[in-house]
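Read through the structure below, which is laid out as structure tokens, and then see the notes.
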Protein chains: 2
Amino acid sequence: MLRTNNCGELNLSDVGNRVTLAGWVQKIRNQGFVIWIDLRDRYGITQIIFDEERTDKKMLEKAQNLGREFVIQVQGTVIERVSKNPKINTGSIEILAEDFQILNASKTPPFTIENETDGGEELRMQYRYLDIRRNPVRENLIFRSKVSLAIRNYLSAHNFIDVETPYLIKSTPEGARDFVVPSRINSGEFYALPQSPQTFKQLLMVGGLDQYFQIVKCFRDEDLRADRQPEFTQIDCEMTFVEQEDILNRFEGLLKHLLQEIKGITIDEIPRITYSEAIKKYGNDKPDIRFGMEFCELTERAKGKGFQVFDQKELIVGIAVPGAASFTRKQIDALIDWVKRPQIGASGLIWVKCNEDGSYKSSVDKFYSQSDLEDWATATQASAGDLILIMAGETNDTRSQLSALRMELAEQLGLRDPEVFAPLWVIDFPLLEWDEENNCFHAMHHPFTAPKPEQIELLATKPEAVNANAYDLVLNGNEIGGGSIRIHDKKTQEIMFDLLGFTKEEAQAQFGFLMEAFQYGAPPHGGIALGLDRLVALLGGQETIRDFIAFPKNNSGRDLMINAPATIDPDQLDELNLKLKPKK
Amino acid sequence: MLRTNNCGELNLSDVGNRVTLAGWVQKIRNQGFVIWIDLRDRYGITQIIFDEERTDKKMLEKAQNLGREFVIQVQGTVIERVSKNPKINTGSIEILAEDFQILNASKTPPFTIENETDGGEELRMQYRYLDIRRNPVRENLIFRSKVSLAIRNYLSAHNFIDVETPYLIKSTPEGARDFVVPSRINSGEFYALPQSPQTFKQLLMVGGLDQYFQIVKCFRDEDLRADRQPEFTQIDCEMTFVEQEDILNRFEGLLKHLLQEIKGITIDEIPRITYSEAIKKYGNDKPDIRFGMEFCELTERAKGKGFQVFDQKELIVGIAVPGAASFTRKQIDALIDWVKRPQIGASGLIWVKCNEDGSYKSSVDKFYSQSDLEDWATATQASAGDLILIMAGETNDTRSQLSALRMELAEQLGLRDPEVFAPLWVIDFPLLEWDEENNCFHAMHHPFTAPKPEQIELLATKPEAVNANAYDLVLNGNEIGGGSIRIHDKKTQEIMFDLLGFTKEEAQAQFGFLMEAFQYGAPPHGGIALGLDRLVALLGGQETIRDFIAFPKNNSGRDLMINAPATIDPDQLDELNLKLKPKK
């Protein structure tokens, strides 16, 4: 080793020891006759001191030439510091340098290697190796490694087998777009990178492996939105001879274990809500339940009082914003403008202030009496001091608009505490959703999700009414996982493909192997997949995943550091029997 | 759960309990008035009994229709068996069936689901999910999962951070061929799948992560040989501020830990041999040292005695085969034929029998006296009863021919015991090897391997003489890993690229980011990568990796189960701006 100790471990008990440290120059304070250097490595910072009296002259001179981020090796003795720094582990000691070597010099970094850096996103990505030197990024990566190991050990202890499924598989042109990989040996043919190991894990269950897990990269060639990555990591699991309840319990156990082990937080049983209830109560299927402001439908109560705006609407729905009766007119107008923005698209917002004296003041005082308003307050469970906000319109749109407003208000009111963890199971998802645009059904989860056994007859007559034993695990308003009980017989799978608009031939070409497998004693099974990137970010108290990924890509799918993707050698294309078409 | 217990756990202490089991029908013995079923799951086999006296008639009739591999759920009571089977866990009990349900039927499997199957390789791959039901394949996959977790826990306990590096990276047309992935968003550009995360792990060291590991899929588009896979799994590691010794010690520790924890075997310190010594002593750089038969050069001793065949040759080299003096003429002729096969390409084989009475009998008695032969016996350390086999010719060819013979003999003599583990470090690899065909140097390990510091000057004058702090870990004649101390400064990396025939522009385009990174305080670092597939197979006592991979590809890179690669939709090609060239 080029060091006897790392930069984070020496303390008063080491005083007098001769040590060798190696690390990066974080900071230099040069007073001419004395030089202090903060030497940094992954484990911490140790102060090095050179001074006129105790250090060789030449050494002191040489130290004058050190710069930020130089890598040096230092030999010296641990001494007690005069002015101690209680904030760091090594703050009571320093190293009186006897000798040092420059292991590597450094140009001036393009941004400061500090907790708060002056580097912009693009620059940080281009020099990601420097960005990783910053404490917050490094700590995130170490945190991810810890979470990932805790997951593996928990699942292994519960009899899950870690099986690696292939990355070079077959393209299935449904769902999201596949990344494809041309085969050279099989000219004109392509592999695809997996969007998930879904069919393989099901085949492992058919193969009798009983319980499977894998922490695995998955790939989707989608037009990237902020905070989406073309490659992402999934905790993929499947279990045999189980019912929905068994899966929920096991993964509730996993999340509790992680919160306990990683964060030291004990949580109660995870509440459950049906999909339709979630939509009704929160306007979306991944509600943040760290705070209330549940939806209250006022349609019956608010119609027929002469307020035409309401009378014409399908749905009238409100929330009680705690303590917001004190909002100024300006604040309320800002909210109205906010919901009218094209991203939200609402036509307006009605408000009712619940005054401390028991009276009500609203934007619709002309149409509604105090007792009407009191009725609304009772319904929305608004107390004195709260502000009721009401939206009206077509049911689906209105719900999603109010849902957005609810989240915005929670943000503004500081109700989304990242160190509070409120997981939630959303269950009973519909099996199918109708796609207006393409005039066909889509699978709400995926084509392998089983209908609820008691509803299987409905598939033929009223498929849109069929629910599935499908569930999402939601954490603080983010979907962190989803799964279902799967179809395990050929007939049901065929009906499903048929409903999804596959011809018999298409179904056979793409999933023939699976339907074949179902005929050789496929057992009942089900599973779940959790998004590791988001789970880790949320456990780390953040909502953006990018800084929990060592080398993320930007929104154009580009790695700015290595500059990929890039053109390839014409010979490579030739070997693959491919030609680029002229650009349009 | 669809079961109260699994099929591997019930025993006499459970007698009297009502249980529900679920699993596959492994075997049915039907005597009309009584039916026994072996019910199988991942955990074992439990015998189910239906009989005329104690079972409902209808149930007995229904059970008549069960077939192999049907999936059933059985309710019944645990009873003591009359004729016990001590070979299995559950052999003392059986389940007196009260009721059962068919969870899924099964067609007759295309091969028997037994330890020894009648299914050929192709058929097993096509129905891999059935193959996985067989004990040996299932046990291999469980074994792999166990090894992989033990590796993770060992490395994590030693401060290695598990970091996921990207799969969509940039193509570098050197080394093996890359698989490429066309980018849709960046039309005309391609990602490449990593052959290894080499540069990324080095950048993590530049980023100060200090110690990294990852168990990661890597990809090589090579013309496949038997027992090679286009995707394979690597245990990838890197360490900062280390010397070769530190890396050897840490990974010696890992292997010892695995042998102890997984196999219960304690091994001594792993011996080391230099590359040149390995070539001299064993004719190759991954010697199997479970047995002797070390090479002994007889060039000086055997020349000049009138045997022209030897006199003309560059190298004369022999081995002493223990106890093989008793080989018949026929056996020896078979060996001679074996080395003359075109795969080996030797011109012949000289033999000397060391008789029990101290005399010698050889194929060259005409030219050599008994005392000459005694001299050879002394040199090769042959004892009475041994057979000396000698080959002669051009040095490199002769060594590799004798090496092949040595392995073949060990195989024939049963010296390659798969439950004996003899690891070996091969060190001091040359930095470069001369490529006759292309008239240039190749990197013996890879272009990022550092020359030995004391030989750096030689790079300019005699690069072929430069060695590297590069090492391979060899286990039972198989290379299971390799690594090196890396270059960490721009200048040396430039010299290296230059020697490897890169123009300045090519080096910049492909590895500019790395050389840029080296200028910002890159620390000294080094690492290793182990092949998980082979390591697991060897620990499992086997040499072929295929049955330690859940879904392997065949020698044409094809997944016979899902039938990939395959043609893709013309729309997909269109979106990627690609065209297939007409087939040649």
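As shown in the structure tokens, the chain order sets the letters A, B, ...; within each chain, residues go from 1, and ligands are also counted from 1 in the order they appear.
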
> When the cut-off is 6 Å and we count only C-alpha atoms, which residues of chain A are near chain B, given as a VMD selection string?
Replying inline: chain A and resid 1 to 2 42 69 to 71 104 to 107 129 to 130 132 to 133 145 161 to 162 169 to 170 180 to 181 189 to 191 203 207 to 209 241 to 243 513 519 to 521 562 564 to 567 577 to 581

Test item: residues at most 12 Å from Asn30 in chain B, only C-alpha atoms, excluding those fewer than 6 positions along its chain, as a short mmCIF file (atom, residue, chain, number, x, y, z; two decimals) with C-alpha atoms, in the first residue's frame:
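part-v7.cif, freshly written:
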```cif
data_model
loop_
_atom_site.label_atom_id
_atom_site.label_comp_id
_atom_site.auth_asym_id
_atom_site.auth_seq_id
_atom_site.Cartn_x
_atom_site.Cartn_y
_atom_site.Cartn_z
CA TRP B 36 -48.13 -43.13 -4.87
CA ILE B 37 -47.02 -39.82 -6.26
CA ASP B 38 -43.59 -38.26 -5.86
CA ILE B 48 -48.20 -38.61 -1.59
CA ILE B 49 -50.40 -41.65 -1.10
CA PHE B 50 -53.97 -42.26 -2.27
CA ASP B 51 -55.53 -45.59 -1.30
CA GLU B 52 -58.86 -47.34 -1.59
CA LEU B 60 -58.53 -41.94 -6.29
CA GLU B 61 -60.15 -42.01 -9.72
CA ALA B 63 -55.58 -39.22 -9.42
CA GLN B 64 -55.46 -41.94 -12.09
CA ASN B 65 -55.44 -39.22 -14.72
CA LEU B 66 -52.41 -37.35 -13.48
CA GLY B 67 -49.35 -37.28 -15.68
#
```

>> Please extract the residues of range 14-209 of chain A with a backbone DSSP assignment of alpha helix (DSSP H) and present them as an NGL selection string.
In response: :A and (57-64 or 121-126 or 128-131 or 135-157 or 198-206)

> Expressed in Å to a single decimal, how great is the separation between CA of Asp386 in chain A and CA of Gly323 in chain A?
Replying inline: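 So the two atoms, CA of Asp386 in chain A and CA of Gly323 in chain A, lie 4.5 Å apart.
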
> Gly385 in chain B: which residues within 8 Å, counting only C-alpha atoms, same-chain residues fewer than 3 positions away excluded, as a ChimeraX atom specification?
Replying inline: /B:322-326,353-356

> What gap, in Å, lies between CA of Leu535 in chain B and CA of Glu479 in chain B?
Replying inline: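 These atoms are spaced 9.1 Å apart.
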
>> I want to know what sits within 7 Å of Ser403 in chain A, based on only C-alpha atoms, with residues of the same chain fewer than 2 positions away left out; could you give that as an NGL selection string?
In response: :A and (282-284 or 399-401 or 405-407)

Could you pull the residues within 8 Å of Leu389 in chain A, counting only C-alpha atoms, minus those fewer than 4 positions along the same chain, as an mmCIF file with all heavy atoms, in the first residue's frame?
```cif
data_model
loop_
_atom_site.group_PDB
_atom_site.id
_atom_site.type_symbol
_atom_site.label_atom_id
_atom_site.label_comp_id
_atom_site.auth_asym_id
_atom_site.auth_seq_id
_atom_site.Cartn_x
_atom_site.Cartn_y
_atom_site.Cartn_z
ATOM 1 N N GLY A 318 -63.057 19.349 -4.151
ATOM 2 C CA GLY A 318 -62.255 20.303 -3.414
ATOM 3 C C GLY A 318 -61.312 19.658 -2.425
ATOM 4 O O GLY A 318 -61.422 18.471 -2.118
ATOM 5 N N ILE A 319 -60.376 20.475 -1.968
ATOM 6 C CA ILE A 319 -59.484 20.044 -0.894
ATOM 7 C C ILE A 319 -59.405 21.146 0.146
ATOM 8 O O ILE A 319 -59.600 22.321 -0.162
ATOM 9 C CB ILE A 319 -58.048 19.753 -1.397
ATOM 10 C CG1 ILE A 319 -57.493 20.965 -2.182
ATOM 11 C CG2 ILE A 319 -58.016 18.517 -2.271
ATOM 12 C CD1 ILE A 319 -56.036 20.808 -2.598
ATOM 13 N N ALA A 320 -59.139 20.753 1.381
ATOM 14 C CA ALA A 320 -58.950 21.731 2.454
ATOM 15 C C ALA A 320 -57.461 21.888 2.709
ATOM 16 O O ALA A 320 -56.790 20.925 3.093
ATOM 17 C CB ALA A 320 -59.654 21.240 3.714
ATOM 18 N N VAL A 321 -56.961 23.095 2.469
ATOM 19 C CA VAL A 321 -55.531 23.347 2.637
ATOM 20 C C VAL A 321 -55.300 23.851 4.058
ATOM 21 O O VAL A 321 -55.797 24.922 4.426
ATOM 22 C CB VAL A 321 -55.035 24.393 1.614
ATOM 23 C CG1 VAL A 321 -53.518 24.512 1.668
ATOM 24 C CG2 VAL A 321 -55.512 24.039 0.214
ATOM 25 N N LEU A 349 -60.357 28.322 -10.414
ATOM 26 C CA LEU A 349 -60.230 27.774 -9.071
ATOM 27 C C LEU A 349 -61.154 28.584 -8.164
ATOM 28 O O LEU A 349 -61.122 29.820 -8.175
ATOM 29 C CB LEU A 349 -58.768 27.945 -8.625
ATOM 30 C CG LEU A 349 -58.255 27.272 -7.382
ATOM 31 C CD1 LEU A 349 -58.395 25.763 -7.482
ATOM 32 C CD2 LEU A 349 -56.784 27.637 -7.174
ATOM 33 N N ILE A 350 -62.019 27.901 -7.444
ATOM 34 C CA ILE A 350 -62.900 28.571 -6.476
ATOM 35 C C ILE A 350 -62.298 28.373 -5.098
ATOM 36 O O ILE A 350 -61.791 27.304 -4.786
ATOM 37 C CB ILE A 350 -64.314 27.932 -6.537
ATOM 38 C CG1 ILE A 350 -64.899 28.040 -7.937
ATOM 39 C CG2 ILE A 350 -65.227 28.542 -5.480
ATOM 40 C CD1 ILE A 350 -64.995 29.457 -8.475
ATOM 41 N N TRP A 351 -62.347 29.453 -4.269
ATOM 42 C CA TRP A 351 -61.759 29.324 -2.935
ATOM 43 C C TRP A 351 -62.749 29.713 -1.852
ATOM 44 O O TRP A 351 -63.649 30.522 -2.074
ATOM 45 C CB TRP A 351 -60.470 30.145 -2.815
ATOM 46 C CG TRP A 351 -60.625 31.608 -3.172
ATOM 47 C CD1 TRP A 351 -60.413 32.165 -4.391
ATOM 48 C CD2 TRP A 351 -61.044 32.665 -2.300
ATOM 49 N NE1 TRP A 351 -60.659 33.507 -4.363
ATOM 50 C CE2 TRP A 351 -61.054 33.846 -3.080
ATOM 51 C CE3 TRP A 351 -61.395 32.733 -0.943
ATOM 52 C CZ2 TRP A 351 -61.418 35.087 -2.550
ATOM 53 C CZ3 TRP A 351 -61.751 33.970 -0.418
ATOM 54 C CH2 TRP A 351 -61.759 35.140 -1.238
ATOM 55 N N VAL A 352 -62.596 29.106 -0.712
ATOM 56 C CA VAL A 352 -63.395 29.447 0.464
ATOM 57 C C VAL A 352 -62.451 29.531 1.655
ATOM 58 O O VAL A 352 -61.762 28.565 1.971
ATOM 59 C CB VAL A 352 -64.455 28.357 0.776
ATOM 60 C CG1 VAL A 352 -65.300 28.765 1.977
ATOM 61 C CG2 VAL A 352 -65.316 28.058 -0.439
#
```

> Per DSSP on the backbone, what are the strand (DSSP E or B) residues of range 279-514 of chain B, as a ChimeraX atom specification?
Replying inline: /B:296-297,315-321,350-354,360-362,387-393,423-427,430,432-435,440-443,449,451,467-468,470-475,478-486

Take the selection from the previous step and output its residues with C-alpha atoms, as an mmCIF file, in the first residue's frame.
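Result written to selection-v2.cif:
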```
data_model
loop_
_atom_site.group_PDB
_atom_site.id
_atom_site.type_symbol
_atom_site.label_atom_id
_atom_site.label_comp_id
_atom_site.auth_asym_id
_atom_site.auth_seq_id
_atom_site.Cartn_x
_atom_site.Cartn_y
_atom_site.Cartn_z
ATOM 1 C CA CYS B 296 12.613 -30.708 -18.235
ATOM 2 C CA GLU B 297 14.755 -29.325 -21.034
ATOM 3 C CA LEU B 315 14.401 -27.423 -28.151
ATOM 4 C CA ILE B 316 14.284 -30.951 -26.716
ATOM 5 C CA VAL B 317 12.002 -31.227 -23.729
ATOM 6 C CA GLY B 318 10.514 -34.069 -21.734
ATOM 7 C CA ILE B 319 8.209 -34.979 -18.907
ATOM 8 C CA ALA B 320 8.154 -37.937 -16.554
ATOM 9 C CA VAL B 321 4.744 -39.568 -16.509
ATOM 10 C CA ILE B 350 10.269 -40.215 -28.085
ATOM 11 C CA TRP B 351 9.712 -42.430 -25.065
ATOM 12 C CA VAL B 352 11.855 -43.931 -22.343
ATOM 13 C CA LYS B 353 10.507 -46.540 -19.940
ATOM 14 C CA CYS B 354 12.169 -46.528 -16.520
ATOM 15 C CA TYR B 360 15.779 -48.297 -19.387
ATOM 16 C CA LYS B 361 13.977 -49.148 -22.582
ATOM 17 C CA SER B 362 13.424 -46.444 -25.141
ATOM 18 C CA LEU B 387 7.600 -43.133 -18.517
ATOM 19 C CA ILE B 388 9.600 -40.261 -19.976
ATOM 20 C CA LEU B 389 8.045 -38.626 -23.013
ATOM 21 C CA ILE B 390 10.161 -36.275 -25.081
ATOM 22 C CA MET B 391 9.309 -33.845 -27.846
ATOM 23 C CA ALA B 392 11.607 -31.731 -29.957
ATOM 24 C CA GLY B 393 11.273 -28.839 -32.376
ATOM 25 C CA PRO B 423 -4.797 -21.968 -7.578
ATOM 26 C CA LEU B 424 -1.706 -20.224 -8.856
ATOM 27 C CA TRP B 425 -0.633 -16.647 -9.492
ATOM 28 C CA VAL B 426 1.160 -16.127 -12.785
ATOM 29 C CA ILE B 427 3.030 -12.814 -12.561
ATOM 30 C CA PRO B 430 5.324 -9.084 -20.764
ATOM 31 C CA LEU B 432 3.505 -6.291 -25.206
ATOM 32 C CA GLU B 433 3.482 -9.134 -27.636
ATOM 33 C CA TRP B 434 4.574 -8.887 -31.215
ATOM 34 C CA ASP B 435 1.885 -9.640 -33.767
ATOM 35 C CA CYS B 440 2.687 -4.434 -34.731
ATOM 36 C CA PHE B 441 2.586 -4.808 -30.975
ATOM 37 C CA HIS B 442 -0.479 -5.971 -29.096
ATOM 38 C CA ALA B 443 -1.077 -5.302 -25.445
ATOM 39 C CA THR B 449 -1.494 -1.843 -18.162
ATOM 40 C CA PRO B 451 5.093 -1.080 -17.569
ATOM 41 C CA ASN B 467 7.375 -6.538 -18.308
ATOM 42 C CA ALA B 468 4.294 -5.370 -16.481
ATOM 43 C CA ALA B 470 0.332 -7.831 -14.532
ATOM 44 C CA TYR B 471 -0.942 -11.086 -13.126
ATOM 45 C CA ASP B 472 -3.359 -13.882 -13.838
ATOM 46 C CA LEU B 473 -5.129 -15.996 -11.279
ATOM 47 C CA VAL B 474 -5.158 -19.582 -12.502
ATOM 48 C CA LEU B 475 -7.251 -22.366 -11.017
ATOM 49 C CA ASN B 478 -7.991 -22.378 -16.168
ATOM 50 C CA GLU B 479 -7.398 -18.650 -16.159
ATOM 51 C CA ILE B 480 -10.061 -17.330 -13.805
ATOM 52 C CA GLY B 481 -8.875 -13.765 -13.640
ATOM 53 C CA GLY B 482 -6.321 -11.229 -14.655
ATOM 54 C CA GLY B 483 -5.307 -7.751 -13.771
ATOM 55 C CA SER B 484 -2.543 -5.234 -13.501
ATOM 56 C CA ILE B 485 -1.276 -1.999 -12.127
ATOM 57 C CA ARG B 486 -2.585 0.635 -14.543
#
```

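Using only C-alpha atoms for every distance, the candidate list A:Tyr275, A:His446, A:Glu506, A:Glu374 yields A:Glu374 as the residue closest to Arg301 in chain A.
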